[in-house]
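Student: Okay, handing you the structure first.
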Amino acid sequence: MITRLVEDHARTLAADAHLPAFVYDLAALRDHAAEVKGALSVPGAPEIFYAAKANPDAPILRALAPYVDGIEVASGGELAHVREALPDARLAFGGPGKTDDELELALNLDVERIHVESPYELARLTRIAEAAGREVDVLLRVNLAGDRSGVALAMSGPFGMDPELMDTCTDTLTASPHVRLRGIHAHLASGLDASAMAAQSAEILAWGRAWLDRIGHTGPREFNLGGGMAVDYGTPGTRFDWKQYGAEVAGLVQPGETLRIEPGRSISVYAGWYVTEVLDVKKAHGQWYAVLRGGTMHIRTPVTKQHNQPFDVLSGTGDGPEVANEPVTLVGQLCTPKDVFAREVPTGRIAVGDVVAFSMAGAYAWNISHTDFLMHPKPTFHYLAA
């Protein structure tokens, strides 16, 4: 549901012809992050490292900084950007295909943990650390098979290492005093509710403990349990149960262990709106369409996830075509039938000149979109503090 602050700003933007626009309610973002932090404040609950890939905008990062323990980045570009926005933040660097330049940058920018994705990456990191005379702390990323049926996205393929491949890392770790193994990283699936997420966390911990025991790893241990907390675009009011998850995972921790998670979408998605306006309303082959300014080149999420992006219609002052009490498909300006925000949804009434505010646009929206396709004007960006 749109907040009053965003609605008022959306109407102002429409009156000033500044649409399409992304509008972020930073107060709402801080409130949500504080709720998550509070739910995970029980002893033994995991640390929170916000996944910058969800939305790396500097105002978003700065708003979240007091409520998270660190930031997870997945490229050299993200690393440099986040370090500039938050000079003192704890950083973890993950993702497949890290280059030598990125690994060297991670050392130079004092990344706290590097999540190593392969034996070859570990060997290259060891060489770079030894040449620089620097010590580096790592987690080895494991890709456990298991049953991931029913998840929104299974992180299979190139991510991390098969369990048997992990064993080939031990000789490198033993031979180099510059690279210190701290524990295990695993991000196995996305779209999990609290119960499923806790069960997956238990699976990761059981495997990771057994593996670290087998290789003779002593001392404190860290387990990064990944992200993937469910976000339901069909029912925006349904939220991941952070209190349940925090309590269940805290019950799994053992003495000498630090747990960590990397939520992204579930943190920032609710604080952003993509605001635009209706350019045309028409009927084609028996189906009503509302053509909106902008398109999914600005907010790719409904295309990639194949869902209806939730929205509010704010009545405008236009005198063009309209439709009432009929299902309407909301589309953008791109010359492709895939440019669809929402398909055959009830709107009550929608007319040319109305403002449409798509909610749940605070994550994986602008930053994953093919923004230059057809060279339409780019949206404006607005960060509302209060």
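Within each chain, counting starts at residue 1; across the structure tokens, chains are named A, B, ... in the order shown, with ligands numbered 1 upward in that order.
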So that I can check the surroundings of segment 271-287 of chain A, please list as a list of chain:residue names every protein, DNA and RNA residue that reaches within 7 Å of it, counting only C-alpha atoms and ignoring chain neighbours fewer than 6 positions away.

Tutor: A:Ala10, A:Leu19, A:Pro20, A:Ala21, A:Phe22, A:Val23, A:Tyr24, A:Asp25, A:Leu26, A:Ala28, A:Leu29, A:Arg293, A:Pro321, A:Glu322, A:Ala351, A:Val352, A:Gly353, A:Asp354, A:Val355, A:Val356, A:Ala357, A:Phe358, A:Ser359, A:Met360, A:Ala361, A:Gly362

Student: Take the residues that were just selected and, keeping N, CA, C and O atoms, output them as an mmCIF file, in the first residue's frame.

Tutor:
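The file below, selection.cif, is the result:
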```cif
data_model
loop_
_atom_site.group_PDB
_atom_site.id
_atom_site.type_symbol
_atom_site.label_atom_id
_atom_site.label_comp_id
_atom_site.auth_asym_id
_atom_site.auth_seq_id
_atom_site.Cartn_x
_atom_site.Cartn_y
_atom_site.Cartn_z
ATOM 1 N N ALA A 10 4.163 11.776 -5.389
ATOM 2 C CA ALA A 10 3.812 11.304 -6.731
ATOM 3 C C ALA A 10 2.916 12.308 -7.452
ATOM 4 O O ALA A 10 3.098 12.577 -8.649
ATOM 5 N N LEU A 19 7.541 12.490 -14.504
ATOM 6 C CA LEU A 19 7.345 11.050 -14.511
ATOM 7 C C LEU A 19 7.871 10.457 -15.809
ATOM 8 O O LEU A 19 7.896 11.139 -16.838
ATOM 9 N N PRO A 20 8.304 9.182 -15.754
ATOM 10 C CA PRO A 20 8.297 8.231 -14.638
ATOM 11 C C PRO A 20 9.344 8.589 -13.584
ATOM 12 O O PRO A 20 10.298 9.326 -13.851
ATOM 13 N N ALA A 21 9.153 8.018 -12.400
ATOM 14 C CA ALA A 21 10.084 8.283 -11.301
ATOM 15 C C ALA A 21 10.117 7.104 -10.351
ATOM 16 O O ALA A 21 9.119 6.395 -10.184
ATOM 17 N N PHE A 22 11.262 6.909 -9.754
ATOM 18 C CA PHE A 22 11.365 6.021 -8.604
ATOM 19 C C PHE A 22 11.313 6.886 -7.351
ATOM 20 O O PHE A 22 12.043 7.877 -7.243
ATOM 21 N N VAL A 23 10.449 6.501 -6.435
ATOM 22 C CA VAL A 23 10.296 7.241 -5.185
ATOM 23 C C VAL A 23 10.528 6.259 -4.034
ATOM 24 O O VAL A 23 9.892 5.202 -3.971
ATOM 25 N N TYR A 24 11.442 6.623 -3.149
ATOM 26 C CA TYR A 24 11.790 5.760 -2.024
ATOM 27 C C TYR A 24 11.428 6.457 -0.718
ATOM 28 O O TYR A 24 11.787 7.614 -0.500
ATOM 29 N N ASP A 25 10.728 5.742 0.133
ATOM 30 C CA ASP A 25 10.364 6.245 1.451
ATOM 31 C C ASP A 25 11.409 5.734 2.443
ATOM 32 O O ASP A 25 11.331 4.598 2.929
ATOM 33 N N LEU A 26 12.399 6.567 2.735
ATOM 34 C CA LEU A 26 13.496 6.136 3.597
ATOM 35 C C LEU A 26 13.056 5.923 5.037
ATOM 36 O O LEU A 26 13.626 5.095 5.747
ATOM 37 N N ALA A 28 10.142 4.641 5.896
ATOM 38 C CA ALA A 28 9.567 3.297 5.889
ATOM 39 C C ALA A 28 10.662 2.240 5.831
ATOM 40 O O ALA A 28 10.554 1.182 6.460
ATOM 41 N N LEU A 29 11.713 2.513 5.072
ATOM 42 C CA LEU A 29 12.837 1.585 4.992
ATOM 43 C C LEU A 29 13.494 1.418 6.355
ATOM 44 O O LEU A 29 13.784 0.286 6.789
ATOM 45 N N ARG A 293 3.443 5.590 -19.471
ATOM 46 C CA ARG A 293 4.744 6.178 -19.781
ATOM 47 C C ARG A 293 5.840 5.335 -19.120
ATOM 48 O O ARG A 293 5.700 4.867 -17.994
ATOM 49 N N PRO A 321 -9.560 8.692 -22.996
ATOM 50 C CA PRO A 321 -10.281 7.427 -22.819
ATOM 51 C C PRO A 321 -10.129 6.861 -21.409
ATOM 52 O O PRO A 321 -9.151 7.122 -20.716
ATOM 53 N N GLU A 322 -11.118 6.073 -21.022
ATOM 54 C CA GLU A 322 -11.082 5.415 -19.722
ATOM 55 C C GLU A 322 -11.828 4.100 -19.819
ATOM 56 O O GLU A 322 -12.532 3.832 -20.803
ATOM 57 N N ALA A 351 -7.935 5.755 -16.305
ATOM 58 C CA ALA A 351 -8.142 6.709 -17.390
ATOM 59 C C ALA A 351 -6.835 7.387 -17.768
ATOM 60 O O ALA A 351 -5.879 7.417 -16.973
ATOM 61 N N VAL A 352 -6.796 7.912 -18.978
ATOM 62 C CA VAL A 352 -5.656 8.721 -19.406
ATOM 63 C C VAL A 352 -5.447 9.852 -18.410
ATOM 64 O O VAL A 352 -6.409 10.512 -17.979
ATOM 65 N N GLY A 353 -4.211 10.062 -18.016
ATOM 66 C CA GLY A 353 -3.882 11.109 -17.056
ATOM 67 C C GLY A 353 -3.789 10.622 -15.624
ATOM 68 O O GLY A 353 -3.266 11.342 -14.762
ATOM 69 N N ASP A 354 -4.290 9.409 -15.352
ATOM 70 C CA ASP A 354 -4.149 8.867 -13.997
ATOM 71 C C ASP A 354 -2.682 8.576 -13.701
ATOM 72 O O ASP A 354 -1.895 8.235 -14.589
ATOM 73 N N VAL A 355 -2.331 8.691 -12.431
ATOM 74 C CA VAL A 355 -0.992 8.328 -11.970
ATOM 75 C C VAL A 355 -1.056 6.902 -11.426
ATOM 76 O O VAL A 355 -1.979 6.551 -10.684
ATOM 77 N N VAL A 356 -0.093 6.072 -11.823
ATOM 78 C CA VAL A 356 -0.018 4.695 -11.342
ATOM 79 C C VAL A 356 1.279 4.546 -10.553
ATOM 80 O O VAL A 356 2.360 4.855 -11.061
ATOM 81 N N ALA A 357 1.149 4.089 -9.323
ATOM 82 C CA ALA A 357 2.310 3.896 -8.454
ATOM 83 C C ALA A 357 2.480 2.406 -8.192
ATOM 84 O O ALA A 357 1.663 1.790 -7.496
ATOM 85 N N PHE A 358 3.518 1.815 -8.782
ATOM 86 C CA PHE A 358 3.813 0.404 -8.582
ATOM 87 C C PHE A 358 4.632 0.256 -7.304
ATOM 88 O O PHE A 358 5.734 0.815 -7.196
ATOM 89 N N SER A 359 4.101 -0.497 -6.365
ATOM 90 C CA SER A 359 4.808 -0.702 -5.106
ATOM 91 C C SER A 359 5.787 -1.863 -5.231
ATOM 92 O O SER A 359 5.938 -2.480 -6.284
ATOM 93 N N MET A 360 6.480 -2.166 -4.141
ATOM 94 C CA MET A 360 7.486 -3.232 -4.077
ATOM 95 C C MET A 360 8.523 -3.069 -5.185
ATOM 96 O O MET A 360 8.928 -4.030 -5.841
ATOM 97 N N ALA A 361 8.958 -1.824 -5.365
ATOM 98 C CA ALA A 361 9.949 -1.491 -6.386
ATOM 99 C C ALA A 361 11.258 -1.035 -5.770
ATOM 100 O O ALA A 361 12.057 -0.371 -6.425
ATOM 101 N N GLY A 362 11.491 -1.422 -4.515
ATOM 102 C CA GLY A 362 12.707 -0.999 -3.837
ATOM 103 C C GLY A 362 13.878 -1.944 -3.989
ATOM 104 O O GLY A 362 14.951 -1.695 -3.432
#
```

Student: Among segment 92-242 of chain A, which ones does DSSP assign to alpha helix (DSSP H) (computed from the backbone)? Answer as a ChimeraX atom specification.

Tutor: /A:100-108,119-132,163-166,170-175,194-214,242

Student: Produce a table with one row for each residue of segment 102-152 of chain A that has an atom at most 7 Å from any atom of segment 173-182 of chain A, each row naming the nearest atom pair and its distance in Å at one decimal; use only C-alpha atoms; arrange rows by chain and rising residue number; format as JSON lines.

Tutor:
```
{"residue": "A:Thr126", "atom": "CA", "partner": "A:Val179", "partner_atom": "CA", "distance": 6.2}
{"residue": "A:Ala129", "atom": "CA", "partner": "A:His178", "partner_atom": "CA", "distance": 6.3}
{"residue": "A:Glu130", "atom": "CA", "partner": "A:His178", "partner_atom": "CA", "distance": 6.2}
{"residue": "A:Arg134", "atom": "CA", "partner": "A:His178", "partner_atom": "CA", "distance": 6.3}
{"residue": "A:Glu135", "atom": "CA", "partner": "A:His178", "partner_atom": "CA", "distance": 4.4}
{"residue": "A:Val136", "atom": "CA", "partner": "A:Val179", "partner_atom": "CA", "distance": 5.0}
{"residue": "A:Asp137", "atom": "CA", "partner": "A:Arg180", "partner_atom": "CA", "distance": 4.8}
{"residue": "A:Val138", "atom": "CA", "partner": "A:Leu181", "partner_atom": "CA", "distance": 5.2}
{"residue": "A:Leu139", "atom": "CA", "partner": "A:Arg182", "partner_atom": "CA", "distance": 5.7}
```

Student: Export N, CA, C and O atoms of the chosen residues as an mmCIF file, in the first residue's frame?

Tutor:
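To be explicit, this is the file written out as out_11.cif:
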```cif
data_model
loop_
_atom_site.group_PDB
_atom_site.id
_atom_site.type_symbol
_atom_site.label_atom_id
_atom_site.label_comp_id
_atom_site.auth_asym_id
_atom_site.auth_seq_id
_atom_site.Cartn_x
_atom_site.Cartn_y
_atom_site.Cartn_z
ATOM 1 N N THR A 126 45.334 -16.686 -3.021
ATOM 2 C CA THR A 126 46.539 -16.977 -2.238
ATOM 3 C C THR A 126 47.762 -16.311 -2.857
ATOM 4 O O THR A 126 48.566 -15.677 -2.154
ATOM 5 N N ALA A 129 47.505 -12.499 -2.335
ATOM 6 C CA ALA A 129 47.736 -12.124 -0.941
ATOM 7 C C ALA A 129 49.208 -12.255 -0.566
ATOM 8 O O ALA A 129 49.773 -11.391 0.127
ATOM 9 N N GLU A 130 49.855 -13.320 -1.038
ATOM 10 C CA GLU A 130 51.273 -13.511 -0.737
ATOM 11 C C GLU A 130 52.124 -12.433 -1.401
ATOM 12 O O GLU A 130 53.068 -11.910 -0.790
ATOM 13 N N ARG A 134 49.741 -9.590 2.422
ATOM 14 C CA ARG A 134 48.512 -9.317 3.178
ATOM 15 C C ARG A 134 47.864 -10.609 3.622
ATOM 16 O O ARG A 134 47.922 -11.630 2.929
ATOM 17 N N GLU A 135 47.237 -10.567 4.786
ATOM 18 C CA GLU A 135 46.451 -11.698 5.244
ATOM 19 C C GLU A 135 44.990 -11.473 4.862
ATOM 20 O O GLU A 135 44.511 -10.331 4.846
ATOM 21 N N VAL A 136 44.280 -12.555 4.561
ATOM 22 C CA VAL A 136 42.891 -12.443 4.138
ATOM 23 C C VAL A 136 42.091 -13.572 4.764
ATOM 24 O O VAL A 136 42.570 -14.708 4.876
ATOM 25 N N ASP A 137 40.882 -13.256 5.213
ATOM 26 C CA ASP A 137 39.996 -14.230 5.837
ATOM 27 C C ASP A 137 38.932 -14.663 4.834
ATOM 28 O O ASP A 137 38.290 -13.812 4.182
ATOM 29 N N VAL A 138 38.710 -15.961 4.735
ATOM 30 C CA VAL A 138 37.799 -16.469 3.718
ATOM 31 C C VAL A 138 36.769 -17.423 4.313
ATOM 32 O O VAL A 138 37.004 -18.062 5.345
ATOM 33 N N LEU A 139 35.641 -17.489 3.631
ATOM 34 C CA LEU A 139 34.673 -18.562 3.790
ATOM 35 C C LEU A 139 34.645 -19.317 2.465
ATOM 36 O O LEU A 139 34.692 -18.702 1.398
#
```

Student: Which residues are near Val231 of chain A? Cut-off 9 Å, only C-alpha atoms, ignore same chain within fewer than 3 positions. Put them as a PyMOL selection string.

Tutor: chain A and resi 191-193+228+235-236+238-240+265-266+269

Student: Would you write out those residues with N, CA and C atoms, as a short mmCIF file (atom, residue, chain, number, x, y, z; two decimals), in the first residue's frame?

Tutor:
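Dumped to again11.cif:
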```cif
data_model
loop_
_atom_site.label_atom_id
_atom_site.label_comp_id
_atom_site.auth_asym_id
_atom_site.auth_seq_id
_atom_site.Cartn_x
_atom_site.Cartn_y
_atom_site.Cartn_z
N GLY A 191 13.21 -17.43 -1.99
CA GLY A 191 11.76 -17.55 -1.91
C GLY A 191 11.28 -18.46 -0.81
N LEU A 192 12.04 -18.57 0.28
CA LEU A 192 11.70 -19.49 1.37
C LEU A 192 11.01 -18.75 2.52
N ASP A 193 9.98 -19.38 3.09
CA ASP A 193 9.38 -18.80 4.28
C ASP A 193 10.25 -19.12 5.49
N GLY A 228 17.62 -15.12 0.57
CA GLY A 228 16.52 -15.85 -0.06
C GLY A 228 15.22 -15.82 0.71
N THR A 235 0.67 -10.79 -2.58
CA THR A 235 0.04 -10.28 -1.35
C THR A 235 1.09 -9.44 -0.62
N PRO A 236 1.23 -8.17 -1.01
CA PRO A 236 2.30 -7.33 -0.45
C PRO A 236 2.28 -7.22 1.07
N THR A 238 1.94 -9.62 3.11
CA THR A 238 2.56 -10.80 3.71
C THR A 238 4.06 -10.60 3.79
N ARG A 239 4.60 -10.69 4.96
CA ARG A 239 6.04 -10.47 5.16
C ARG A 239 6.70 -11.73 5.75
N PHE A 240 7.96 -11.88 5.45
CA PHE A 240 8.76 -12.95 6.05
C PHE A 240 8.71 -12.81 7.57
N ARG A 265 16.48 -8.38 -1.11
CA ARG A 265 15.13 -8.02 -1.54
C ARG A 265 14.19 -7.84 -0.35
N SER A 266 14.24 -8.77 0.61
CA SER A 266 13.31 -8.74 1.74
C SER A 266 13.54 -7.56 2.66
N VAL A 269 12.77 -4.02 -0.61
CA VAL A 269 11.75 -4.01 -1.66
C VAL A 269 10.52 -3.19 -1.30
#
```

Student: Would you mind listing what lies within 7 Å of Ala198 of chain A as a list in words, with only C-alpha atoms counted and same-chain residues fewer than 6 positions away left out?

Tutor: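 Here the answer would be Tyr245, Glu248 and Val249 of chain A.
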
Student: Apply DSSP to the backbone of this structure and, from segment 107-274 of chain A, keep only the residues in strand (DSSP E); write these as a VMD selection string.

Tutor: chain A and resid 113 to 116 136 to 141 153 to 154 179 to 185 189 to 190 221 to 224 257 to 261 272 to 274

Student: Generate a file of the selected residues that holds N, CA and C atoms, formatted as a CSV table (one decimal), in the first residue's frame.

Tutor:
```csv
chain,number,residue,atom,x,y,z
A,113,ARG,N,35.6,-10.4,4.7
A,113,ARG,CA,35.5,-11.8,4.3
A,113,ARG,C,35.4,-11.9,2.8
A,114,ILE,N,36.1,-12.8,2.2
A,114,ILE,CA,35.9,-13.1,0.8
A,114,ILE,C,35.3,-14.5,0.7
A,115,HIS,N,34.2,-14.7,0.0
A,115,HIS,CA,33.6,-15.9,-0.2
A,115,HIS,C,34.2,-16.6,-1.4
A,116,VAL,N,34.9,-17.6,-1.2
A,116,VAL,CA,35.7,-18.3,-2.3
A,116,VAL,C,34.8,-19.3,-3.0
A,136,VAL,N,44.3,-12.6,4.6
A,136,VAL,CA,42.9,-12.4,4.1
A,136,VAL,C,42.1,-13.6,4.8
A,137,ASP,N,40.9,-13.3,5.2
A,137,ASP,CA,40.0,-14.2,5.8
A,137,ASP,C,38.9,-14.7,4.8
A,138,VAL,N,38.7,-16.0,4.7
A,138,VAL,CA,37.8,-16.5,3.7
A,138,VAL,C,36.8,-17.4,4.3
A,139,LEU,N,35.6,-17.5,3.6
A,139,LEU,CA,34.7,-18.6,3.8
A,139,LEU,C,34.6,-19.3,2.5
A,140,LEU,N,34.6,-20.6,2.5
A,140,LEU,CA,34.4,-21.4,1.3
A,140,LEU,C,33.0,-21.6,1.0
A,141,ARG,N,32.6,-21.3,-0.2
A,141,ARG,CA,31.1,-21.5,-0.6
A,141,ARG,C,30.9,-22.9,-1.1
A,153,LEU,N,13.9,-19.7,-6.6
A,153,LEU,CA,15.1,-19.8,-7.4
A,153,LEU,C,16.1,-20.7,-6.7
A,154,ALA,N,16.6,-21.7,-7.4
A,154,ALA,CA,17.6,-22.6,-6.8
A,154,ALA,C,18.9,-22.1,-7.3
A,179,VAL,N,46.2,-16.9,3.9
A,179,VAL,CA,44.8,-17.1,3.7
A,179,VAL,C,44.3,-17.9,4.9
A,180,ARG,N,43.3,-17.4,5.7
A,180,ARG,CA,42.8,-18.0,6.9
A,180,ARG,C,41.4,-18.4,6.6
A,181,LEU,N,41.1,-19.7,6.8
A,181,LEU,CA,39.7,-20.2,6.7
A,181,LEU,C,39.0,-19.9,8.0
A,182,ARG,N,37.8,-19.2,7.8
A,182,ARG,CA,37.0,-18.9,8.9
A,182,ARG,C,35.8,-19.8,9.0
A,183,GLY,N,35.3,-20.3,7.9
A,183,GLY,CA,34.1,-21.1,7.9
A,183,GLY,C,33.5,-21.4,6.5
A,184,ILE,N,32.2,-21.5,6.5
A,184,ILE,CA,31.5,-21.9,5.3
A,184,ILE,C,30.4,-20.9,4.9
A,185,HIS,N,30.3,-20.7,3.6
A,185,HIS,CA,29.2,-19.9,3.1
A,185,HIS,C,28.3,-20.8,2.2
A,189,ALA,N,19.0,-21.2,-2.1
A,189,ALA,CA,17.7,-21.0,-2.7
A,189,ALA,C,17.1,-19.7,-2.3
A,190,SER,N,16.1,-19.2,-3.1
A,190,SER,CA,15.4,-18.0,-2.7
A,190,SER,C,13.9,-18.3,-2.7
A,221,ARG,N,34.2,-20.6,14.6
A,221,ARG,CA,33.7,-20.9,13.2
A,221,ARG,C,32.6,-19.9,12.8
A,222,GLU,N,32.6,-19.6,11.5
A,222,GLU,CA,31.6,-18.8,11.0
A,222,GLU,C,30.8,-19.5,9.9
A,223,PHE,N,29.5,-19.3,9.9
A,223,PHE,CA,28.6,-19.9,8.9
A,223,PHE,C,27.7,-18.8,8.3
A,224,ASN,N,27.9,-18.5,7.0
A,224,ASN,CA,27.1,-17.5,6.3
A,224,ASN,C,26.0,-18.4,5.6
A,257,GLU,N,30.5,-20.3,17.6
A,257,GLU,CA,30.0,-20.1,16.3
A,257,GLU,C,29.4,-18.7,16.1
A,258,THR,N,29.7,-18.1,14.9
A,258,THR,CA,29.0,-16.9,14.5
A,258,THR,C,28.2,-17.2,13.2
A,259,LEU,N,26.9,-16.9,13.3
A,259,LEU,CA,26.0,-17.1,12.1
A,259,LEU,C,25.8,-15.7,11.4
A,260,ARG,N,25.6,-15.8,10.1
A,260,ARG,CA,25.4,-14.5,9.3
A,260,ARG,C,24.4,-14.8,8.2
A,261,ILE,N,23.6,-13.9,7.8
A,261,ILE,CA,22.7,-14.0,6.7
A,261,ILE,C,22.9,-12.8,5.8
A,272,GLY,N,10.2,1.1,-2.0
A,272,GLY,CA,10.3,1.8,-3.2
A,272,GLY,C,9.1,1.7,-4.1
A,273,TRP,N,8.8,2.8,-4.9
A,273,TRP,CA,7.7,2.8,-5.8
A,273,TRP,C,8.2,3.3,-7.2
A,274,TYR,N,7.6,2.7,-8.2
A,274,TYR,CA,7.8,3.2,-9.6
A,274,TYR,C,6.6,3.9,-10.0
```

Student: Please list as a ChimeraX atom specification every residue within 12 Å of Gln306 of chain A, counting only C-alpha atoms and excluding residues in the same chain fewer than 2 positions away.

Tutor: /A:152,233-234,296,300-304,308-309,338-343
